[in-house]
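Raw my_file_34.cif, mmCIF, C-alpha atoms:
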data_coords
#
loop_
_atom_site.label_atom_id
_atom_site.label_comp_id
_atom_site.auth_asym_id
_atom_site.auth_seq_id
_atom_site.Cartn_x
_atom_site.Cartn_y
_atom_site.Cartn_z
CA MET A 1 -30.60 -59.15 11.48
CA LEU A 2 -32.72 -57.67 14.28
CA LYS A 3 -32.70 -54.34 16.12
CA ALA A 4 -34.36 -53.01 19.26
CA ILE A 5 -35.69 -49.53 20.06
CA ILE A 6 -36.34 -48.47 23.64
CA LEU A 7 -38.66 -45.46 23.98
CA ILE A 8 -37.35 -43.53 26.98
CA GLY A 9 -39.55 -40.41 26.85
CA GLY A 10 -38.25 -37.19 28.31
CA PRO A 11 -38.23 -34.84 31.30
CA LEU A 12 -41.84 -33.76 30.73
CA LYS A 13 -42.89 -37.37 31.12
CA GLY A 14 -42.24 -39.25 34.35
CA THR A 15 -43.49 -36.43 36.58
CA ARG A 16 -45.16 -39.03 38.81
CA PHE A 17 -41.67 -40.35 39.51
CA ARG A 18 -40.60 -37.19 41.31
CA PRO A 19 -38.68 -36.38 43.47
CA LEU A 20 -36.45 -39.26 42.31
CA SER A 21 -36.44 -38.08 38.68
CA LEU A 22 -35.30 -34.59 39.71
CA ASP A 23 -31.72 -35.86 39.99
CA LEU A 24 -31.60 -38.67 37.46
CA PRO A 25 -33.57 -39.43 34.27
CA LYS A 26 -36.23 -41.99 35.14
CA PRO A 27 -34.90 -44.65 32.68
CA LEU A 28 -31.60 -44.67 34.60
CA PHE A 29 -33.17 -45.09 38.04
CA PRO A 30 -31.75 -48.25 39.65
CA VAL A 31 -34.20 -51.09 40.25
CA ALA A 32 -32.77 -54.32 41.70
CA GLY A 33 -29.35 -52.67 41.59
CA PHE A 34 -29.31 -51.64 37.93
CA PRO A 35 -30.90 -48.92 35.74
CA ILE A 36 -34.43 -49.65 34.56
CA ILE A 37 -33.40 -49.78 30.90
CA GLN A 38 -30.47 -52.09 31.62
CA HIS A 39 -32.99 -54.86 32.26
CA HIS A 40 -34.35 -54.22 28.74
CA ILE A 41 -30.84 -54.26 27.28
CA GLU A 42 -29.92 -57.50 29.04
CA ALA A 43 -33.02 -59.14 27.55
CA CYS A 44 -32.20 -57.80 24.06
CA GLN A 45 -28.61 -59.01 24.29
CA LYS A 46 -29.85 -62.60 24.63
CA VAL A 47 -31.80 -62.51 21.33
CA GLU A 48 -29.94 -64.27 18.55
CA GLY A 49 -29.14 -61.94 15.64
CA LEU A 50 -29.94 -58.69 17.46
CA LYS A 51 -27.13 -56.31 16.47
CA GLU A 52 -28.13 -52.82 17.60
CA ILE A 53 -30.13 -51.08 20.32
CA LEU A 54 -31.43 -47.53 19.82
CA LEU A 55 -32.74 -45.33 22.64
CA ILE A 56 -35.24 -42.73 21.40
CA GLY A 57 -36.37 -39.82 23.57
CA PHE A 58 -36.08 -36.11 24.14
CA TYR A 59 -33.82 -35.95 27.18
CA GLN A 60 -30.90 -33.57 26.72
CA PRO A 61 -27.59 -35.45 26.52
CA SER A 62 -26.05 -35.65 29.98
CA ASP A 63 -23.04 -37.12 31.71
CA ALA A 64 -25.28 -39.77 33.25
CA PHE A 65 -26.49 -40.94 29.84
CA LYS A 66 -23.01 -40.85 28.31
CA THR A 67 -21.54 -42.84 31.20
CA PHE A 68 -24.33 -45.41 31.03
CA LEU A 69 -24.09 -45.87 27.25
CA THR A 70 -20.31 -46.24 27.33
CA ARG A 71 -20.43 -48.79 30.14
CA ALA A 72 -23.32 -50.74 28.59
CA GLN A 73 -21.61 -51.04 25.20
CA GLN A 74 -18.44 -52.31 26.85
CA GLU A 75 -20.31 -54.78 29.04
CA PHE A 76 -22.75 -56.20 26.48
CA HIS A 77 -20.59 -55.89 23.33
CA ILE A 78 -23.47 -54.48 21.29
CA SER A 79 -24.02 -51.14 19.55
CA ILE A 80 -26.17 -48.86 21.73
CA ARG A 81 -27.00 -45.33 20.55
CA TYR A 82 -29.18 -42.49 21.78
CA LEU A 83 -31.31 -40.67 19.20
CA GLN A 84 -32.66 -37.38 20.54
CA GLU A 85 -35.99 -36.03 19.32
CA TYR A 86 -36.30 -32.27 18.96
CA THR A 87 -39.58 -32.49 20.87
CA SER A 88 -41.93 -35.21 22.05
CA LEU A 89 -43.00 -36.97 18.85
CA GLY A 90 -45.18 -39.72 20.31
CA THR A 91 -44.55 -43.45 20.36
CA ALA A 92 -44.71 -43.73 16.54
CA GLY A 93 -43.49 -40.24 15.60
CA GLY A 94 -39.99 -40.91 16.93
CA LEU A 95 -39.82 -44.16 14.97
CA TYR A 96 -40.82 -42.37 11.76
CA HIS A 97 -38.43 -39.47 12.37
CA PHE A 98 -35.50 -41.89 12.67
CA ARG A 99 -36.79 -44.44 10.14
CA ASP A 100 -33.64 -44.28 8.02
CA VAL A 101 -31.44 -45.12 11.02
CA ILE A 102 -33.75 -47.94 12.07
CA GLN A 103 -33.88 -49.43 8.56
CA SER A 104 -30.14 -49.15 7.89
CA GLY A 105 -28.67 -52.60 7.41
CA ASN A 106 -32.09 -53.94 6.28
CA PRO A 107 -33.23 -55.53 9.56
CA GLU A 108 -35.73 -58.35 9.24
CA CYS A 109 -37.75 -56.82 12.07
CA PHE A 110 -37.21 -54.69 15.16
CA PHE A 111 -38.45 -54.56 18.73
CA VAL A 112 -40.02 -51.44 20.22
CA MET A 113 -40.17 -51.39 24.02
CA ASN A 114 -41.50 -48.80 26.43
CA ALA A 115 -38.87 -48.02 29.04
CA ASP A 116 -41.38 -47.81 31.88
CA VAL A 117 -42.35 -51.49 31.95
CA CYS A 118 -40.74 -54.36 33.83
CA SER A 119 -40.98 -57.95 32.64
CA ASP A 120 -38.93 -61.04 31.99
CA PHE A 121 -39.21 -59.95 28.30
CA PRO A 122 -39.81 -63.17 26.33
CA LEU A 123 -38.24 -61.62 23.21
CA SER A 124 -36.90 -64.78 21.55
CA GLU A 125 -40.32 -66.38 21.89
CA MET A 126 -41.87 -63.30 20.25
CA VAL A 127 -39.46 -63.62 17.30
CA ASP A 128 -40.47 -67.26 16.75
CA PHE A 129 -44.16 -66.33 17.06
CA HIS A 130 -43.78 -63.44 14.58
CA ARG A 131 -41.91 -65.52 11.98
CA GLN A 132 -44.67 -68.11 11.98
CA ARG A 133 -47.12 -65.45 10.70
CA SER A 134 -45.87 -64.38 7.31
CA HIS A 135 -48.35 -61.50 6.91
CA ALA A 136 -47.75 -60.04 10.37
CA CYS A 137 -46.75 -56.38 10.49
CA CYS A 138 -46.64 -56.31 14.29
CA THR A 139 -46.63 -58.76 17.16
CA MET A 140 -47.72 -57.15 20.43
CA MET A 141 -47.01 -58.62 23.84
CA GLY A 142 -50.21 -58.88 25.85
CA THR A 143 -51.29 -60.16 29.23
CA GLU A 144 -54.45 -60.65 31.25
CA ALA A 145 -55.75 -57.95 33.63
CA SER A 146 -58.75 -57.72 35.90
CA ARG A 147 -61.95 -56.46 34.29
CA GLU A 148 -61.87 -53.15 36.18
CA GLN A 149 -58.17 -52.42 35.69
CA ALA A 150 -58.24 -53.25 31.97
CA LEU A 151 -59.92 -49.87 31.39
CA ASN A 152 -56.62 -48.17 32.33
CA TYR A 153 -54.69 -49.86 29.51
CA GLY A 154 -54.89 -50.48 25.79
CA CYS A 155 -57.35 -53.35 25.34
CA LEU A 156 -57.52 -55.81 22.47
CA VAL A 157 -59.86 -58.49 21.19
CA GLU A 158 -58.14 -61.51 19.63
CA ASN A 159 -59.06 -64.45 17.47
CA THR A 160 -58.32 -67.19 19.96
CA ASP A 161 -57.31 -69.63 17.22
CA THR A 162 -54.90 -67.45 15.23
CA HIS A 163 -54.13 -64.78 17.91
CA GLU A 164 -54.87 -62.07 15.35
CA VAL A 165 -55.97 -58.79 16.95
CA LEU A 166 -59.47 -58.02 15.67
CA HIS A 167 -60.10 -54.84 17.65
CA TYR A 168 -57.92 -52.44 19.65
CA VAL A 169 -58.93 -49.52 21.88
CA GLU A 170 -56.61 -47.43 24.05
CA LYS A 171 -58.04 -46.92 27.56
CA PRO A 172 -61.68 -47.60 26.61
CA GLY A 173 -64.56 -45.98 28.43
CA THR A 174 -66.39 -49.29 28.77
CA PHE A 175 -65.22 -52.89 29.01
CA VAL A 176 -63.78 -54.26 25.77
CA SER A 177 -61.47 -57.09 26.84
CA SER A 178 -59.33 -58.21 29.75
CA ILE A 179 -56.31 -58.69 27.45
CA ILE A 180 -54.09 -55.61 27.67
CA ASN A 181 -51.17 -54.15 25.74
CA CYS A 182 -47.83 -54.63 27.55
CA GLY A 183 -45.89 -51.95 25.64
CA VAL A 184 -43.49 -54.43 23.98
CA TYR A 185 -43.77 -54.92 20.21
CA LEU A 186 -42.00 -56.63 17.30
CA PHE A 187 -42.46 -54.80 13.98
CA SER A 188 -41.69 -55.66 10.40
CA PRO A 189 -40.32 -52.67 8.39
CA GLU A 190 -43.68 -52.61 6.61
CA VAL A 191 -45.03 -50.61 9.54
CA PHE A 192 -43.37 -47.44 8.20
CA LYS A 193 -45.82 -47.45 5.28
CA HIS A 194 -48.69 -47.27 7.73
CA ILE A 195 -47.01 -44.58 9.82
CA ALA A 196 -46.36 -42.61 6.60
CA THR A 197 -50.08 -42.72 5.82
CA VAL A 198 -50.89 -41.17 9.19
CA PHE A 199 -48.08 -38.64 8.80
CA ALA A 200 -49.43 -37.52 5.41
CA ARG A 201 -52.93 -37.18 6.88
CA HIS A 202 -51.57 -34.99 9.67
CA GLN A 203 -49.87 -32.74 7.11
CA GLU A 204 -53.15 -32.26 5.26
CA ASP A 205 -55.08 -31.54 8.45
CA LEU A 206 -52.60 -28.91 9.69
CA PRO A 207 -53.46 -25.25 8.81
CA SER A 208 -51.02 -23.78 6.31
CA ASP A 209 -49.81 -21.00 8.63
CA ASP A 210 -48.65 -23.64 11.11
CA SER A 211 -46.87 -25.83 8.59
CA PHE A 212 -43.41 -25.05 9.96
CA ALA A 213 -44.29 -25.13 13.65
CA LEU A 214 -42.00 -27.50 15.50
CA GLY A 215 -43.76 -29.77 17.93
CA SER A 216 -47.19 -29.10 16.42
CA SER A 217 -49.75 -31.89 16.24
CA LYS A 218 -48.54 -32.96 12.78
CA ASP A 219 -45.29 -34.21 14.30
CA SER A 220 -46.84 -36.40 16.98
CA ILE A 221 -47.96 -39.90 15.97
CA ARG A 222 -49.00 -42.50 18.50
CA LEU A 223 -48.84 -46.24 18.03
CA GLU A 224 -51.72 -46.84 20.39
CA GLN A 225 -54.24 -44.36 18.95
CA ASP A 226 -53.11 -43.89 15.34
CA ILE A 227 -51.44 -47.10 14.15
CA PHE A 228 -52.78 -50.17 15.96
CA PRO A 229 -56.49 -49.54 15.18
CA MET A 230 -55.72 -49.36 11.45
CA LEU A 231 -53.85 -52.69 11.56
CA THR A 232 -56.62 -54.70 13.21
CA GLY A 233 -58.74 -57.24 11.37
CA ASP A 234 -56.43 -57.40 8.36
CA SER A 235 -53.98 -60.15 9.39
CA LYS A 236 -51.41 -57.47 10.25
CA LEU A 237 -51.53 -57.30 14.05
CA TYR A 238 -51.11 -60.28 16.38
CA VAL A 239 -50.81 -60.73 20.14
CA TYR A 240 -48.27 -62.89 21.97
CA LYS A 241 -49.76 -63.49 25.42
CA THR A 242 -47.49 -63.99 28.41
CA GLN A 243 -48.45 -65.46 31.76
CA ASN A 244 -45.20 -64.32 33.37
CA PHE A 245 -44.72 -61.18 35.45
CA TRP A 246 -45.33 -57.76 33.94
CA SER A 247 -45.88 -54.35 35.49
CA GLN A 248 -45.58 -50.67 34.66
CA ILE A 249 -43.15 -48.36 36.44
CA LYS A 250 -45.12 -45.14 36.44
CA SER A 251 -44.67 -43.85 39.99
CA ALA A 252 -41.87 -44.05 42.52
CA GLY A 253 -43.98 -46.50 44.51
CA SER A 254 -44.15 -48.88 41.56
CA ALA A 255 -40.33 -49.06 41.61
CA ILE A 256 -40.58 -50.99 44.89
CA TYR A 257 -42.85 -53.56 43.24
CA ALA A 258 -40.60 -53.78 40.16
CA ASN A 259 -37.62 -54.23 42.50
CA ARG A 260 -39.33 -57.30 43.98
CA LEU A 261 -40.08 -58.78 40.54
CA TYR A 262 -36.56 -58.33 39.17
CA LEU A 263 -34.93 -59.69 42.35
CA ALA A 264 -37.08 -62.82 42.01
CA LEU A 265 -36.06 -63.11 38.35
CA TYR A 266 -32.37 -63.12 39.36
CA HIS A 267 -32.81 -66.69 40.64
CA LYS A 268 -33.14 -67.68 36.98
CA THR A 269 -30.97 -65.11 35.19
CA HIS A 270 -28.32 -63.82 37.65
CA PRO A 271 -28.18 -65.88 40.86
CA ASP A 272 -24.75 -64.37 41.54
CA ARG A 273 -26.39 -61.00 42.16
CA LEU A 274 -28.39 -62.22 45.16
CA ALA A 275 -26.85 -61.87 48.61
CA VAL A 276 -26.48 -64.97 50.75
CA HIS A 277 -26.09 -65.28 54.50
CA GLY A 278 -22.65 -66.28 55.70
CA GLU A 279 -20.16 -65.77 58.51
CA GLY A 280 -19.59 -62.08 59.14
CA MET A 281 -22.47 -61.22 56.82
CA PRO A 282 -25.83 -59.61 57.67
CA THR A 283 -28.88 -61.82 58.06
CA ILE A 284 -30.55 -62.18 54.66
CA LYS A 285 -34.27 -62.98 54.42
CA GLY A 286 -35.54 -63.63 50.91
CA ASP A 287 -34.19 -61.80 47.85
CA VAL A 288 -31.62 -59.07 48.50
CA TYR A 289 -29.08 -57.29 46.29
CA ILE A 290 -26.09 -55.62 47.98
CA HIS A 291 -23.57 -53.64 45.94
CA PRO A 292 -20.01 -54.88 46.53
CA SER A 293 -18.91 -51.46 47.79
CA ALA A 294 -21.65 -51.23 50.45
CA ASN A 295 -20.68 -51.60 54.11
CA VAL A 296 -23.37 -53.56 55.94
CA ASP A 297 -22.95 -54.50 59.59
CA SER A 298 -23.20 -58.21 60.35
CA THR A 299 -25.98 -57.64 62.90
CA ALA A 300 -28.28 -55.98 60.36
CA VAL A 301 -31.28 -57.89 59.00
CA LEU A 302 -32.16 -57.29 55.33
CA GLY A 303 -35.04 -58.56 53.23
CA PRO A 304 -37.13 -59.65 51.69
CA ASN A 305 -36.90 -57.56 48.51
CA VAL A 306 -34.19 -55.06 49.40
CA THR A 307 -31.65 -53.34 47.16
CA VAL A 308 -28.58 -51.67 48.67
CA GLY A 309 -26.63 -49.34 46.37
CA ALA A 310 -22.98 -48.41 46.04
CA ASN A 311 -21.09 -46.95 49.03
CA VAL A 312 -24.05 -47.33 51.36
CA THR A 313 -23.35 -47.68 55.09
CA ILE A 314 -25.78 -49.72 57.21
CA GLY A 315 -25.19 -49.77 60.96
CA PRO A 316 -25.64 -52.41 63.66
CA GLY A 317 -29.10 -53.72 64.49
CA THR A 318 -30.74 -52.18 61.42
CA ARG A 319 -33.86 -53.76 59.90
CA ILE A 320 -34.67 -53.11 56.22
CA ARG A 321 -37.52 -54.68 54.27
CA GLU A 322 -39.17 -54.02 50.87
CA SER A 323 -36.99 -50.98 50.23
CA ILE A 324 -34.38 -49.43 47.93
CA ILE A 325 -31.37 -47.73 49.52
CA LEU A 326 -29.64 -45.55 46.91
CA ASP A 327 -25.92 -44.85 46.51
CA GLY A 328 -24.07 -43.14 49.33
CA ALA A 329 -26.90 -43.32 51.88
CA SER A 330 -26.18 -43.90 55.57
CA ILE A 331 -28.57 -45.92 57.74
CA GLN A 332 -27.46 -45.58 61.34
CA ASP A 333 -27.70 -47.97 64.29
CA HIS A 334 -30.96 -49.76 65.11
CA SER A 335 -33.05 -47.88 62.55
CA CYS A 336 -35.93 -49.50 60.68
CA ILE A 337 -36.70 -48.95 56.97
CA LEU A 338 -39.90 -50.48 55.59
CA HIS A 339 -41.53 -49.95 52.15
CA SER A 340 -39.38 -46.90 51.44
CA ILE A 341 -36.83 -45.44 49.04
CA VAL A 342 -33.88 -43.68 50.70
CA GLY A 343 -32.30 -41.17 48.33
CA TRP A 344 -28.72 -40.67 47.27
CA ASN A 345 -26.39 -39.53 50.10
CA SER A 346 -29.25 -39.31 52.58
CA THR A 347 -28.83 -40.05 56.28
CA VAL A 348 -31.28 -41.83 58.59
CA GLY A 349 -30.42 -41.35 62.27
CA ALA A 350 -30.14 -44.03 64.94
CA TRP A 351 -33.32 -45.58 66.34
CA THR A 352 -35.38 -43.90 63.61
CA ARG A 353 -38.26 -45.55 61.76
CA VAL A 354 -38.94 -44.74 58.09
CA GLU A 355 -42.03 -46.53 56.84
CA GLY A 356 -44.43 -46.42 53.92
CA THR A 357 -47.60 -48.22 52.93
CA PRO A 358 -47.27 -50.87 50.21
CA SER A 359 -49.44 -50.59 47.11
CA ASP A 360 -49.29 -54.20 45.93
CA PRO A 361 -51.83 -55.71 43.52
CA ASN A 362 -54.89 -57.13 45.26
CA PRO A 363 -54.05 -60.84 45.84
CA ASN A 364 -57.76 -61.71 45.97
CA ILE A 365 -58.44 -60.52 42.40
CA PRO A 366 -57.20 -62.78 39.58
CA PHE A 367 -54.79 -61.04 37.17
CA ALA A 368 -54.76 -57.86 39.27
CA LYS A 369 -52.09 -55.31 38.32
CA LEU A 370 -50.37 -52.64 40.38
CA ASP A 371 -52.42 -49.46 40.67
CA SER A 372 -50.25 -46.35 40.59
CA GLY A 373 -53.12 -44.51 42.25
CA GLU A 374 -53.62 -40.81 42.79
CA LEU A 375 -51.22 -38.88 45.00
CA PHE A 376 -54.07 -37.03 46.75
CA SER A 377 -57.54 -38.07 47.84
CA GLU A 378 -60.67 -36.19 46.76
CA ASP A 379 -60.54 -34.11 49.95
CA GLY A 380 -56.97 -33.02 49.22
CA ARG A 381 -55.18 -35.32 51.65
CA LEU A 382 -52.07 -37.30 50.77
CA ASN A 383 -52.97 -40.91 50.11
CA PRO A 384 -50.90 -43.48 52.04
CA SER A 385 -48.01 -44.70 49.90
CA ILE A 386 -44.37 -45.63 50.18
CA THR A 387 -42.09 -43.12 51.88
CA ILE A 388 -39.58 -41.42 49.58
CA LEU A 389 -36.52 -39.49 50.69
CA GLY A 390 -34.93 -37.35 47.97
CA ARG A 391 -31.22 -36.73 47.57
CA ASN A 392 -29.23 -35.43 50.59
CA VAL A 393 -32.07 -35.68 53.09
CA THR A 394 -31.08 -35.86 56.78
CA ILE A 395 -33.41 -37.44 59.33
CA PRO A 396 -32.43 -37.10 63.02
CA SER A 397 -32.30 -39.90 65.54
CA GLU A 398 -35.35 -41.28 67.35
CA VAL A 399 -38.09 -39.98 65.02
CA ILE A 400 -40.73 -41.57 62.79
CA VAL A 401 -41.33 -40.66 59.15
CA LEU A 402 -44.49 -42.35 57.91
CA ASN A 403 -46.14 -42.25 54.45
CA SER A 404 -44.29 -39.08 53.49
CA ILE A 405 -42.42 -37.65 50.50
CA VAL A 406 -39.35 -35.54 51.27
CA LEU A 407 -37.86 -33.40 48.53
CA PRO A 408 -34.07 -33.18 48.12
CA HIS A 409 -31.70 -31.34 50.48
CA LYS A 410 -33.96 -31.23 53.53
CA ASP A 411 -33.01 -31.57 57.21
CA LEU A 412 -36.02 -32.84 59.12
CA PRO A 413 -36.29 -31.50 62.68
CA HIS A 414 -38.89 -33.98 63.99
CA SER A 415 -41.33 -36.75 63.05
CA TYR A 416 -43.67 -36.49 60.05
CA LYS A 417 -46.76 -38.43 59.02
CA ASN A 418 -48.69 -38.28 55.71
CA GLN A 419 -46.95 -35.15 54.47
CA ILE A 420 -44.98 -33.80 51.51
CA ILE A 421 -41.99 -31.89 52.86
CA LEU A 422 -41.09 -29.16 50.37
#

Just dump the structure as structure tokens.
Amino acid sequence: MLKAIILIGGPLKGTRFRPLSLDLPKPLFPVAGFPIIQHHIEACQKVEGLKEILLIGFYQPSDAFKTFLTRAQQEFHISIRYLQEYTSLGTAGGLYHFRDVIQSGNPECFFVMNADVCSDFPLSEMVDFHRQRSHACCTMMGTEASREQALNYGCLVENTDTHEVLHYVEKPGTFVSSIINCGVYLFSPEVFKHIATVFARHQEDLPSDDSFALGSSKDSIRLEQDIFPMLTGDSKLYVYKTQNFWSQIKSAGSAIYANRLYLALYHKTHPDRLAVHGEGMPTIKGDVYIHPSANVDSTAVLGPNVTVGANVTIGPGTRIRESIILDGASIQDHSCILHSIVGWNSTVGAWTRVEGTPSDPNPNIPFAKLDSGELFSEDGRLNPSITILGRNVTIPSEVIVLNSIVLPHKDLPHSYKNQIIL
């Protein structure tokens, strides 16, 4: 029997995802038409013998979470539960806190997946790989990155014959390896012994007058800094390398890139989700997802890499490319949306252009990954990025909004360029 744990973080994380995470927890943000963590769940559901999925984080229970969990359990016919931490406990601390729940039923092993990654998740292949190594405590999914970008990730050195991890460093100061940690792991229950060792050390290091302080350093244990280095070089930690797509979803701009990757994956996993051009239908170029309840005029041109949410209205002559249009939005006649996210129930007026700057990986650098980048330049100016409209934003007709971030509930009176509208 197998289980899966998805680490979803909490409201103090995901600040780079604002203003979109102001209205909805980041793990529930729709990418390619469905919440980010639904893509994880769909991958888990395909693994033979996987019986339960646990979400661990410190979000307060909300109607959005309850609705999602209820719908997901009904759709995928698998037990899905949310376990709430009392504070942020780190990537290993939450596992240790809920170790009894995770180990109930005596699972052979369990997946741990960061919620903010997108991938085709080769989970069944990882299970086969892990079972072939009888002493393995953890199998980590890894991939190749460029030499410069590898410094922004956990880096590992492997034995190329056995794929054992000999050395692991989280975000090293100098080059260690171009093989990086993808944030997807398969653990044997043995790992709790190693986490317990770190936990006991933290208890000893904590001053006695702080021994009952909730959220103090003793409670936080991190897989990347505390656990993986102690497993290296002892036939306990192995890497399963994937050549398929993988990216982080750290910023709102990275959601556009993840949207493209998941839409492309639908050709293999869910071809029924992709829109096709037909009589009375809009012109479709490339990969496009349109929610069945959306009303899209037949003269509109959509794609490539566009997602249209529920109850969206798209008027005649509209052009949309590389964008996400969220539920309830209205895109009026002859407007143009490029490299942008249009928020829930927002309105874009007729003959208006909303455009951002893509932040794709450099195609000229082998194994390049998406750079989230800094929001501001060194001189305090807003760096060019995708345009984001928060919830209930109204843009008038015949204006241009370029490389801007608009917070929720704003009525824009005129054009904007390279600005944050508070």

Within 7 Å of stretch 302-316 of chain A, counting all atoms listed in the file, which residues qualify if same-chain residues fewer than 3 places away don't, as a PyMOL selection string?
-> chain A and resi 32-33+259-260+263+283-291+293-297+299+319-334

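Residue nearest A:Tyr238, chosen from A:His40, A:Arg71, A:Arg131, A:His339 and counting only C-alpha atoms: A:Arg131.
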
Pairwise distance for atom CA of A:Asp116 and atom CA of A:Gly356, rounded to one decimal in Å | 22.3 Å

Expected selection from the PyMOL selection byres ((chain A and resi 228-234) around 9), given as JSON, numbers by chain | {"A": [137, 138, 164, 165, 166, 167, 168, 169, 194, 222, 223, 224, 225, 226, 227, 235, 236, 237, 238]}

Expected file contents, prior selection, C-alpha atoms, as a compact mmCIF listing (two decimals), in the coordinates of the input:
# COMPACT_ATOMS: atom_id res chain seq x y z
CA CYS A 137 -46.75 -56.38 10.49
CA CYS A 138 -46.64 -56.31 14.29
CA GLU A 164 -54.87 -62.07 15.35
CA VAL A 165 -55.97 -58.79 16.95
CA LEU A 166 -59.47 -58.02 15.67
CA HIS A 167 -60.10 -54.84 17.65
CA TYR A 168 -57.92 -52.44 19.65
CA VAL A 169 -58.93 -49.52 21.88
CA HIS A 194 -48.69 -47.27 7.73
CA ARG A 222 -49.00 -42.50 18.50
CA LEU A 223 -48.84 -46.24 18.03
CA GLU A 224 -51.72 -46.84 20.39
CA GLN A 225 -54.24 -44.36 18.95
CA ASP A 226 -53.11 -43.89 15.34
CA ILE A 227 -51.44 -47.10 14.15
CA SER A 235 -53.98 -60.15 9.39
CA LYS A 236 -51.41 -57.47 10.25
CA LEU A 237 -51.53 -57.30 14.05
CA TYR A 238 -51.11 -60.28 16.38

Selection result for the PyMOL selection byres ((chain A and resi 177-186) around 6) on this file, as a count of residues only | 20

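With distances taken over all atoms listed in the file, A:Ser119 is the one residue among A:Leu54, A:Ser119, A:Phe129, A:Pro61 lying closest to A:Ala264.
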
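Reported to one decimal place, the separation of atom CA of A:Leu7 from atom CA of A:Leu22 is 19.4 Å.
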
What are the closest atom pairs, with distances in Å to one decimal, for all residues of stretch 205-287 of chain A lying within 12 Å of stretch 23-30 of chain A? Consider only C-alpha atoms, order rows by chain and residue number, and present the result as a Markdown table.
| residue | atom | partner | partner_atom | distance |
| --- | --- | --- | --- | --- |
| A:Ile249 | CA | A:Lys26 | CA | 9.5 |
| A:Lys250 | CA | A:Lys26 | CA | 9.5 |
| A:Ser251 | CA | A:Lys26 | CA | 9.9 |
| A:Ala252 | CA | A:Lys26 | CA | 9.5 |
| A:Ala255 | CA | A:Pro30 | CA | 8.8 |
| A:Ile256 | CA | A:Pro30 | CA | 10.6 |
| A:Ala258 | CA | A:Pro30 | CA | 10.4 |
| A:Asn259 | CA | A:Pro30 | CA | 8.9 |
| A:Tyr262 | CA | A:Pro30 | CA | 11.2 |

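You will find atom CA of A:Leu407 at 13.1 Å from atom CA of A:Asn345.
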
On this structure, which residues satisfy the PyMOL selection byres ((chain A and resi 382-390) around 7), written as a PyMOL selection string?
-> chain A and resi 19-20+253+339-343+355-359+375-377+380-381+391-393+402-408+418-419

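Distances here use all atoms listed in the file; by that measure, the residue among A:Ile78, A:Ile36, A:Ile102, A:Ile221 closest to A:Ile5 is A:Ile102.
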
How about completing stretch 309-317 of chain A with N, CA, C and O atoms and giving it to me as a PDB file, in the frame of the given file?
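After the write, part_21.pdb holds the following:
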ATOM      1  N   GLY A 309     -27.471 -49.897  47.417  1.00  0.00           N
ATOM      2  CA  GLY A 309     -26.630 -49.340  46.370  1.00  0.00           C
ATOM      3  C   GLY A 309     -25.175 -49.197  46.767  1.00  0.00           C
ATOM      4  O   GLY A 309     -24.742 -49.598  47.856  1.00  0.00           O
ATOM      5  N   ALA A 310     -24.419 -48.574  45.863  1.00  0.00           N
ATOM      6  CA  ALA A 310     -22.980 -48.410  46.040  1.00  0.00           C
ATOM      7  C   ALA A 310     -22.660 -47.473  47.195  1.00  0.00           C
ATOM      8  O   ALA A 310     -23.350 -46.473  47.408  1.00  0.00           O
ATOM      9  N   ASN A 311     -21.620 -47.807  47.958  1.00  0.00           N
ATOM     10  CA  ASN A 311     -21.090 -46.950  49.030  1.00  0.00           C
ATOM     11  C   ASN A 311     -22.113 -46.630  50.109  1.00  0.00           C
ATOM     12  O   ASN A 311     -22.008 -45.598  50.782  1.00  0.00           O
ATOM     13  N   VAL A 312     -23.077 -47.488  50.273  1.00  0.00           N
ATOM     14  CA  VAL A 312     -24.050 -47.330  51.360  1.00  0.00           C
ATOM     15  C   VAL A 312     -23.459 -47.876  52.650  1.00  0.00           C
ATOM     16  O   VAL A 312     -22.729 -48.870  52.651  1.00  0.00           O
ATOM     17  N   THR A 313     -23.777 -47.211  53.768  1.00  0.00           N
ATOM     18  CA  THR A 313     -23.350 -47.680  55.090  1.00  0.00           C
ATOM     19  C   THR A 313     -24.594 -48.038  55.900  1.00  0.00           C
ATOM     20  O   THR A 313     -25.506 -47.203  56.052  1.00  0.00           O
ATOM     21  N   ILE A 314     -24.647 -49.257  56.410  1.00  0.00           N
ATOM     22  CA  ILE A 314     -25.780 -49.720  57.210  1.00  0.00           C
ATOM     23  C   ILE A 314     -25.243 -50.194  58.554  1.00  0.00           C
ATOM     24  O   ILE A 314     -24.410 -51.098  58.630  1.00  0.00           O
ATOM     25  N   GLY A 315     -25.726 -49.562  59.627  1.00  0.00           N
ATOM     26  CA  GLY A 315     -25.190 -49.770  60.960  1.00  0.00           C
ATOM     27  C   GLY A 315     -25.740 -50.991  61.670  1.00  0.00           C
ATOM     28  O   GLY A 315     -26.631 -51.696  61.164  1.00  0.00           O
ATOM     29  N   PRO A 316     -25.232 -51.240  62.876  1.00  0.00           N
ATOM     30  CA  PRO A 316     -25.640 -52.410  63.660  1.00  0.00           C
ATOM     31  C   PRO A 316     -27.125 -52.387  64.003  1.00  0.00           C
ATOM     32  O   PRO A 316     -27.709 -51.321  64.242  1.00  0.00           O
ATOM     33  N   GLY A 317     -27.734 -53.581  64.026  1.00  0.00           N
ATOM     34  CA  GLY A 317     -29.100 -53.720  64.490  1.00  0.00           C
ATOM     35  C   GLY A 317     -30.158 -53.150  63.562  1.00  0.00           C
ATOM     36  O   GLY A 317     -31.334 -53.058  63.945  1.00  0.00           O
TER      37      GLY A 317
END
